[in-house]
Amino acid sequence: MNYHFITIEGNIGAGKTTLANLLSQHFQARLILEEFADNPFLPKFYENPQQYAFPLELFFMAERFKQLKELLHQQDMFRQVTITDYLFTKCLLFAKVNLPQDEFRLYQRLFDIIHQQLVKPDILIYLHAPVNRLQANIRKRNRSYEQNIPDEYLFNIQETYTHYIKQHNMKTLFVDASNADFINNPLHLKVILDALEKEYEDGQHYLTLP
C-alpha cells in the first residue's frame, strides 16, 4: 500500500468515522478522528444557525488545525500510515454554506493562512450517499442535536463537496455509498482495500460497492 496519509470525507452521516476506524485497524495506522463533540457551539448552532455559525466554524478550524499539526508532525516509527476522518478544507466548505458573505470572506483569509502550513493527504476517499440515506444514518446514531437537520442543508453540503472535488485535481476515490455497510458486509470494505492497493493518477476515480 503506497499511501501514507489517507483522508476520508463525506456529508454528515455518510459513514466517515466507521470506515476510518476499520481502515486504521487493517493497516495498524495512526487514527485522527474529528473531536466534534468538544465544540460547545454545535448544539447552539442547530438551534440558532445565524447567531452561532461564525463561532462554530472558528472553533472547528482552530481545533482541526491543532489536531492535525500536532499529530502529523510527530515521528511514529511503528505506524507508517495516518488516517483521518476529515479533510481540513472541510472548514472552508462548511463555512461557505453556513456564513454570510462578509463573514465568509474574513473566515477565508484566516483559512488561507493556516491551510498552507498543513500536510496534504496522499489520497481522499469521498463517501457519497443520497440525503434520505444520510437522514436514516443520522436517526440511527441518535445524537439529539442532529435530529432536526433539514434535507436542504444536507443537500447544500453535498453540492458544495461535489463542486470542490470536481474543481480540484486531487487524487480521490469517489465511492457510491448508497448501500454501504462496512461493518456487516466484508465485500464493501474489500472494495476500498483493493482500491488502496492500486496507484492512481490525480483526479476522480469512481468505486461502486456490490
# chains A, B, ... in the order shown; residues from 1 in each chain; ligands from 1
call {"tool": "closest_atom_pairs", "arguments": {"of": "range 6-40 of chain A", "to": "range 125-144 of chain A", "cutoff": "12 Å", "atoms": "only C-alpha atoms", "output": "JSON lines"}}
result
{"residue": "A:Ile6", "atom": "CA", "partner": "A:Ile125", "partner_atom": "CA", "distance": 7.5}
{"residue": "A:Thr7", "atom": "CA", "partner": "A:Ile125", "partner_atom": "CA", "distance": 6.2}
{"residue": "A:Ile8", "atom": "CA", "partner": "A:Ile125", "partner_atom": "CA", "distance": 4.7}
{"residue": "A:Glu9", "atom": "CA", "partner": "A:Tyr126", "partner_atom": "CA", "distance": 4.8}
{"residue": "A:Gly10", "atom": "CA", "partner": "A:Leu127", "partner_atom": "CA", "distance": 4.9}
{"residue": "A:Asn11", "atom": "CA", "partner": "A:His128", "partner_atom": "CA", "distance": 7.3}
{"residue": "A:Ile12", "atom": "CA", "partner": "A:Leu134", "partner_atom": "CA", "distance": 6.8}
{"residue": "A:Gly13", "atom": "CA", "partner": "A:Leu134", "partner_atom": "CA", "distance": 5.0}
{"residue": "A:Ala14", "atom": "CA", "partner": "A:Leu134", "partner_atom": "CA", "distance": 5.9}
{"residue": "A:Gly15", "atom": "CA", "partner": "A:Leu127", "partner_atom": "CA", "distance": 7.4}
{"residue": "A:Lys16", "atom": "CA", "partner": "A:Leu127", "partner_atom": "CA", "distance": 7.2}
{"residue": "A:Thr17", "atom": "CA", "partner": "A:Leu127", "partner_atom": "CA", "distance": 11.0}
{"residue": "A:Thr18", "atom": "CA", "partner": "A:Leu127", "partner_atom": "CA", "distance": 11.4}
{"residue": "A:Leu19", "atom": "CA", "partner": "A:Leu127", "partner_atom": "CA", "distance": 9.6}
{"residue": "A:Ala20", "atom": "CA", "partner": "A:Ile125", "partner_atom": "CA", "distance": 9.9}
{"residue": "A:Leu23", "atom": "CA", "partner": "A:Ile125", "partner_atom": "CA", "distance": 11.4}
{"residue": "A:Phe36", "atom": "CA", "partner": "A:Arg143", "partner_atom": "CA", "distance": 11.7}
{"residue": "A:Ala37", "atom": "CA", "partner": "A:Arg143", "partner_atom": "CA", "distance": 10.1}
call {"tool": "residues_around", "arguments": {"residues": "Phe5 in chain A", "least_positions_apart": "4", "cutoff": "12 Å", "atoms": "only C-alpha atoms", "output": "PyMOL selection string"}}
result
chain A and resi 1+20+23-24+27+29-32+68+71-72+79-87+119-125+171+196
call {"tool": "residues_around", "arguments": {"residues": "Lys66 in chain A", "least_positions_apart": "4", "cutoff": "12 Å", "atoms": "only C-alpha atoms", "output": "list in words"}}
result
Ile32, Glu34, Glu35, Phe59, Phe60, Met61, Ala62, Glu70, Leu71, Leu72, His73, Phe88, Ile114, His115, Gln117 and Leu118 of chain A
call {"tool": "residues_around", "arguments": {"residues": "Glu197 in chain A", "least_positions_apart": "5", "cutoff": "9 Å", "atoms": "only C-alpha atoms", "output": "count of residues only"}}
result
4
call {"tool": "closest_residue", "arguments": {"among": "A:Phe104, A:Phe54, A:Phe45, A:Tyr206", "to": "Asp176 in chain A", "atoms": "only C-alpha atoms"}}
result
A:Tyr206
call {"tool": "select_by_dssp", "arguments": {"residues": "range 122-157 of chain A", "states": "strand (DSSP E)", "output": "list in words"}}
result
Ile123, Leu124, Ile125, Tyr126, Leu127 and His128 of chain A
call {"tool": "write_last_selection", "arguments": {"atoms": "N, CA and C atoms", "output": "short mmCIF file (atom, residue, chain, number, x, y, z; two decimals), in the first residue's frame"}}
result
data_model
loop_
_atom_site.label_atom_id
_atom_site.label_comp_id
_atom_site.auth_asym_id
_atom_site.auth_seq_id
_atom_site.Cartn_x
_atom_site.Cartn_y
_atom_site.Cartn_z
N ILE A 123 -4.27 10.67 -0.64
CA ILE A 123 -5.48 10.26 -1.35
C ILE A 123 -6.69 10.58 -0.48
N LEU A 124 -7.78 10.98 -1.13
CA LEU A 124 -9.04 11.26 -0.46
C LEU A 124 -10.06 10.18 -0.83
N ILE A 125 -10.71 9.62 0.17
CA ILE A 125 -11.84 8.72 -0.06
C ILE A 125 -13.11 9.50 0.26
N TYR A 126 -13.94 9.75 -0.76
CA TYR A 126 -15.15 10.53 -0.55
C TYR A 126 -16.36 9.59 -0.62
N LEU A 127 -17.14 9.56 0.47
CA LEU A 127 -18.33 8.72 0.55
C LEU A 127 -19.55 9.55 0.15
N HIS A 128 -20.18 9.15 -0.93
CA HIS A 128 -21.34 9.89 -1.42
C HIS A 128 -22.60 9.05 -1.22
#
call {"tool": "select_by_dssp", "arguments": {"residues": "chain A", "states": "helix (DSSP H, G or I)", "output": "PyMOL selection string"}}
result
chain A and resi 16-27+36-38+42-47+49-72+90-98+101-115+131-141+144-146+151-167+186-196
call {"tool": "write_last_selection", "arguments": {"atoms": "C-alpha atoms", "output": "tab-separated table (two decimals), in the first residue's frame"}}
result
chain	number	residue	atom	x	y	z
A	16	LYS	CA	-16.63	8.51	7.58
A	17	THR	CA	-15.67	7.56	11.13
A	18	THR	CA	-16.78	3.94	10.73
A	19	LEU	CA	-14.60	3.47	7.65
A	20	ALA	CA	-11.68	5.35	9.22
A	21	ASN	CA	-11.74	3.03	12.24
A	22	LEU	CA	-11.85	-0.10	10.08
A	23	LEU	CA	-9.01	1.04	7.83
A	24	SER	CA	-6.86	2.05	10.78
A	25	GLN	CA	-7.32	-1.40	12.30
A	26	HIS	CA	-6.47	-3.11	9.00
A	27	PHE	CA	-3.32	-1.06	8.36
A	36	PHE	CA	-16.80	17.39	17.11
A	37	ALA	CA	-18.39	16.67	20.50
A	38	ASP	CA	-15.98	19.13	22.13
A	42	LEU	CA	-22.61	22.80	17.90
A	43	PRO	CA	-25.94	22.24	19.73
A	44	LYS	CA	-26.48	26.02	19.80
A	45	PHE	CA	-25.83	26.23	16.05
A	46	TYR	CA	-28.56	23.74	15.22
A	47	GLU	CA	-30.97	25.76	17.35
A	49	PRO	CA	-27.67	28.93	12.93
A	50	GLN	CA	-27.44	32.64	12.19
A	51	GLN	CA	-26.20	33.57	15.65
A	52	TYR	CA	-23.74	30.73	16.21
A	53	ALA	CA	-22.39	29.86	12.74
A	54	PHE	CA	-19.27	32.04	12.93
A	55	PRO	CA	-18.04	30.94	16.41
A	56	LEU	CA	-18.92	27.34	15.44
A	57	GLU	CA	-16.73	27.43	12.34
A	58	LEU	CA	-13.87	29.29	14.05
A	59	PHE	CA	-13.80	26.73	16.85
A	60	PHE	CA	-13.79	23.84	14.37
A	61	MET	CA	-10.97	25.37	12.34
A	62	ALA	CA	-8.82	26.02	15.40
A	63	GLU	CA	-9.33	22.50	16.77
A	64	ARG	CA	-8.74	20.77	13.43
A	65	PHE	CA	-5.56	22.75	12.85
A	66	LYS	CA	-4.26	21.99	16.34
A	67	GLN	CA	-5.05	18.29	15.96
A	68	LEU	CA	-3.53	17.85	12.50
A	69	LYS	CA	-0.44	19.94	13.14
A	70	GLU	CA	0.44	18.14	16.37
A	71	LEU	CA	-0.16	14.60	15.15
A	72	LEU	CA	1.12	14.82	11.59
A	90	LYS	CA	-13.95	20.88	5.28
A	91	CYS	CA	-13.62	24.09	7.33
A	92	LEU	CA	-13.97	26.24	4.24
A	93	LEU	CA	-16.73	24.16	2.66
A	94	PHE	CA	-19.00	24.23	5.71
A	95	ALA	CA	-18.24	27.92	6.26
A	96	LYS	CA	-19.30	28.64	2.69
A	97	VAL	CA	-22.69	27.08	3.39
A	98	ASN	CA	-23.16	28.47	6.91
A	101	GLN	CA	-20.63	36.66	2.53
A	102	ASP	CA	-18.83	39.23	4.69
A	103	GLU	CA	-18.09	36.73	7.46
A	104	PHE	CA	-17.08	34.09	4.92
A	105	ARG	CA	-14.52	36.42	3.33
A	106	LEU	CA	-12.94	37.05	6.72
A	107	TYR	CA	-13.01	33.35	7.53
A	108	GLN	CA	-11.40	32.51	4.19
A	109	ARG	CA	-8.50	34.88	4.88
A	110	LEU	CA	-7.79	33.07	8.14
A	111	PHE	CA	-8.19	29.68	6.48
A	112	ASP	CA	-5.70	30.51	3.71
A	113	ILE	CA	-3.04	31.47	6.25
A	114	ILE	CA	-3.50	28.27	8.25
A	115	HIS	CA	-4.07	25.78	5.45
A	131	VAL	CA	-29.89	12.59	1.52
A	132	ASN	CA	-32.52	10.03	2.55
A	133	ARG	CA	-29.75	7.56	3.43
A	134	LEU	CA	-27.89	10.26	5.36
A	135	GLN	CA	-31.03	11.04	7.35
A	136	ALA	CA	-31.53	7.36	8.15
A	137	ASN	CA	-27.95	7.13	9.43
A	138	ILE	CA	-28.37	10.31	11.46
A	139	ARG	CA	-31.51	8.93	13.11
A	140	LYS	CA	-29.76	5.65	13.81
A	141	ARG	CA	-26.81	7.20	15.62
A	144	SER	CA	-30.08	14.71	19.87
A	145	TYR	CA	-28.88	17.97	18.29
A	146	GLU	CA	-28.76	16.38	14.80
A	151	ASP	CA	-32.83	17.88	3.94
A	152	GLU	CA	-31.98	21.15	2.21
A	153	TYR	CA	-28.97	21.71	4.49
A	154	LEU	CA	-27.59	18.23	3.76
A	155	PHE	CA	-28.17	18.77	0.04
A	156	ASN	CA	-26.28	22.09	0.14
A	157	ILE	CA	-23.34	20.44	1.93
A	158	GLN	CA	-23.38	17.63	-0.64
A	159	GLU	CA	-23.34	20.05	-3.56
A	160	THR	CA	-20.50	22.08	-2.02
A	161	TYR	CA	-18.35	18.97	-1.55
A	162	THR	CA	-19.05	17.69	-5.06
A	163	HIS	CA	-18.25	21.05	-6.63
A	164	TYR	CA	-14.98	21.28	-4.70
A	165	ILE	CA	-13.85	17.80	-5.71
A	166	LYS	CA	-14.66	18.45	-9.37
A	167	GLN	CA	-12.75	21.75	-9.33
A	186	PRO	CA	-16.92	-7.56	4.27
A	187	LEU	CA	-17.15	-7.13	0.48
A	188	HIS	CA	-17.80	-3.40	0.90
A	189	LEU	CA	-14.63	-2.95	2.92
A	190	LYS	CA	-12.72	-5.16	0.48
A	191	VAL	CA	-13.59	-2.81	-2.41
A	192	ILE	CA	-11.89	0.04	-0.53
A	193	LEU	CA	-8.88	-2.06	0.48
A	194	ASP	CA	-8.38	-3.35	-3.06
A	195	ALA	CA	-8.57	0.21	-4.41
A	196	LEU	CA	-5.89	1.37	-1.95
call {"tool": "decode", "arguments": {"residues": "range 111-153 of chain A", "atoms": "N, CA and C atoms", "output": "short mmCIF file (atom, residue, chain, number, x, y, z; two decimals), in the first residue's frame"}}
result
data_model
loop_
_atom_site.label_atom_id
_atom_site.label_comp_id
_atom_site.auth_asym_id
_atom_site.auth_seq_id
_atom_site.Cartn_x
_atom_site.Cartn_y
_atom_site.Cartn_z
N PHE A 111 -8.40 31.04 6.98
CA PHE A 111 -8.19 29.68 6.48
C PHE A 111 -6.96 29.60 5.58
N ASP A 112 -6.82 30.55 4.66
CA ASP A 112 -5.70 30.51 3.71
C ASP A 112 -4.35 30.60 4.41
N ILE A 113 -4.28 31.36 5.49
CA ILE A 113 -3.04 31.47 6.25
C ILE A 113 -2.70 30.15 6.93
N ILE A 114 -3.70 29.50 7.48
CA ILE A 114 -3.50 28.27 8.25
C ILE A 114 -3.27 27.07 7.34
N HIS A 115 -4.05 26.99 6.27
CA HIS A 115 -4.07 25.78 5.45
C HIS A 115 -2.71 25.45 4.86
N GLN A 116 -1.96 26.46 4.47
CA GLN A 116 -0.68 26.22 3.81
C GLN A 116 0.37 25.60 4.74
N GLN A 117 0.10 25.57 6.03
CA GLN A 117 1.05 25.02 6.99
C GLN A 117 0.88 23.51 7.18
N LEU A 118 -0.19 22.93 6.62
CA LEU A 118 -0.51 21.54 6.90
C LEU A 118 -0.08 20.62 5.76
N VAL A 119 0.13 19.37 6.11
CA VAL A 119 0.45 18.33 5.13
C VAL A 119 -0.83 17.94 4.40
N LYS A 120 -0.74 17.78 3.08
CA LYS A 120 -1.90 17.37 2.28
C LYS A 120 -1.97 15.84 2.22
N PRO A 121 -3.18 15.27 2.20
CA PRO A 121 -3.30 13.81 2.11
C PRO A 121 -2.82 13.28 0.76
N ASP A 122 -2.36 12.02 0.78
CA ASP A 122 -1.95 11.36 -0.47
C ASP A 122 -3.17 10.99 -1.31
N ILE A 123 -4.27 10.67 -0.64
CA ILE A 123 -5.48 10.26 -1.35
C ILE A 123 -6.69 10.58 -0.48
N LEU A 124 -7.78 10.98 -1.13
CA LEU A 124 -9.04 11.26 -0.46
C LEU A 124 -10.06 10.18 -0.83
N ILE A 125 -10.71 9.62 0.17
CA ILE A 125 -11.84 8.72 -0.06
C ILE A 125 -13.11 9.50 0.26
N TYR A 126 -13.94 9.75 -0.76
CA TYR A 126 -15.15 10.53 -0.55
C TYR A 126 -16.36 9.59 -0.62
N LEU A 127 -17.14 9.56 0.47
CA LEU A 127 -18.33 8.72 0.55
C LEU A 127 -19.55 9.55 0.15
N HIS A 128 -20.18 9.15 -0.93
CA HIS A 128 -21.34 9.89 -1.42
C HIS A 128 -22.60 9.05 -1.22
N ALA A 129 -23.55 9.59 -0.47
CA ALA A 129 -24.81 8.89 -0.22
C ALA A 129 -25.96 9.88 -0.41
N PRO A 130 -27.12 9.41 -0.88
CA PRO A 130 -28.27 10.32 -1.03
C PRO A 130 -28.76 10.82 0.31
N VAL A 131 -29.47 11.94 0.29
CA VAL A 131 -29.89 12.59 1.52
C VAL A 131 -30.78 11.70 2.37
N ASN A 132 -31.65 10.90 1.74
CA ASN A 132 -32.52 10.03 2.55
C ASN A 132 -31.72 8.98 3.31
N ARG A 133 -30.62 8.51 2.72
CA ARG A 133 -29.75 7.56 3.43
C ARG A 133 -29.01 8.27 4.56
N LEU A 134 -28.55 9.48 4.31
CA LEU A 134 -27.89 10.26 5.36
C LEU A 134 -28.82 10.47 6.55
N GLN A 135 -30.06 10.82 6.27
CA GLN A 135 -31.03 11.04 7.35
C GLN A 135 -31.29 9.77 8.14
N ALA A 136 -31.34 8.63 7.45
CA ALA A 136 -31.53 7.36 8.15
C ALA A 136 -30.35 7.07 9.07
N ASN A 137 -29.13 7.34 8.59
CA ASN A 137 -27.95 7.13 9.43
C ASN A 137 -27.91 8.08 10.62
N ILE A 138 -28.33 9.31 10.38
CA ILE A 138 -28.37 10.31 11.46
C ILE A 138 -29.35 9.89 12.54
N ARG A 139 -30.52 9.40 12.12
CA ARG A 139 -31.51 8.93 13.11
C ARG A 139 -30.97 7.73 13.89
N LYS A 140 -30.26 6.87 13.18
CA LYS A 140 -29.76 5.65 13.81
C LYS A 140 -28.70 5.95 14.87
N ARG A 141 -27.84 6.92 14.63
CA ARG A 141 -26.81 7.20 15.62
C ARG A 141 -27.33 8.10 16.75
N ASN A 142 -28.46 8.75 16.53
CA ASN A 142 -29.28 9.32 17.63
C ASN A 142 -28.55 10.37 18.46
N ARG A 143 -27.86 11.30 17.80
CA ARG A 143 -27.35 12.46 18.52
C ARG A 143 -28.47 13.50 18.55
N SER A 144 -28.87 13.92 19.72
CA SER A 144 -30.08 14.71 19.87
C SER A 144 -30.08 15.98 19.03
N TYR A 145 -28.93 16.69 18.98
CA TYR A 145 -28.88 17.97 18.29
C TYR A 145 -28.90 17.83 16.77
N GLU A 146 -28.76 16.59 16.25
CA GLU A 146 -28.76 16.38 14.80
C GLU A 146 -30.12 15.98 14.24
N GLN A 147 -31.08 15.70 15.10
CA GLN A 147 -32.30 15.04 14.65
C GLN A 147 -33.21 15.91 13.79
N ASN A 148 -33.00 17.22 13.81
CA ASN A 148 -33.85 18.11 13.01
C ASN A 148 -33.09 18.80 11.87
N ILE A 149 -32.00 18.20 11.42
CA ILE A 149 -31.27 18.77 10.30
C ILE A 149 -32.14 18.71 9.05
N PRO A 150 -32.39 19.83 8.39
CA PRO A 150 -33.24 19.82 7.19
C PRO A 150 -32.55 19.11 6.02
N ASP A 151 -33.35 18.49 5.16
CA ASP A 151 -32.83 17.88 3.94
C ASP A 151 -32.07 18.90 3.10
N GLU A 152 -32.59 20.12 3.04
CA GLU A 152 -31.98 21.15 2.21
C GLU A 152 -30.55 21.45 2.67
N TYR A 153 -30.32 21.45 3.97
CA TYR A 153 -28.97 21.71 4.49
C TYR A 153 -28.01 20.61 4.06
#
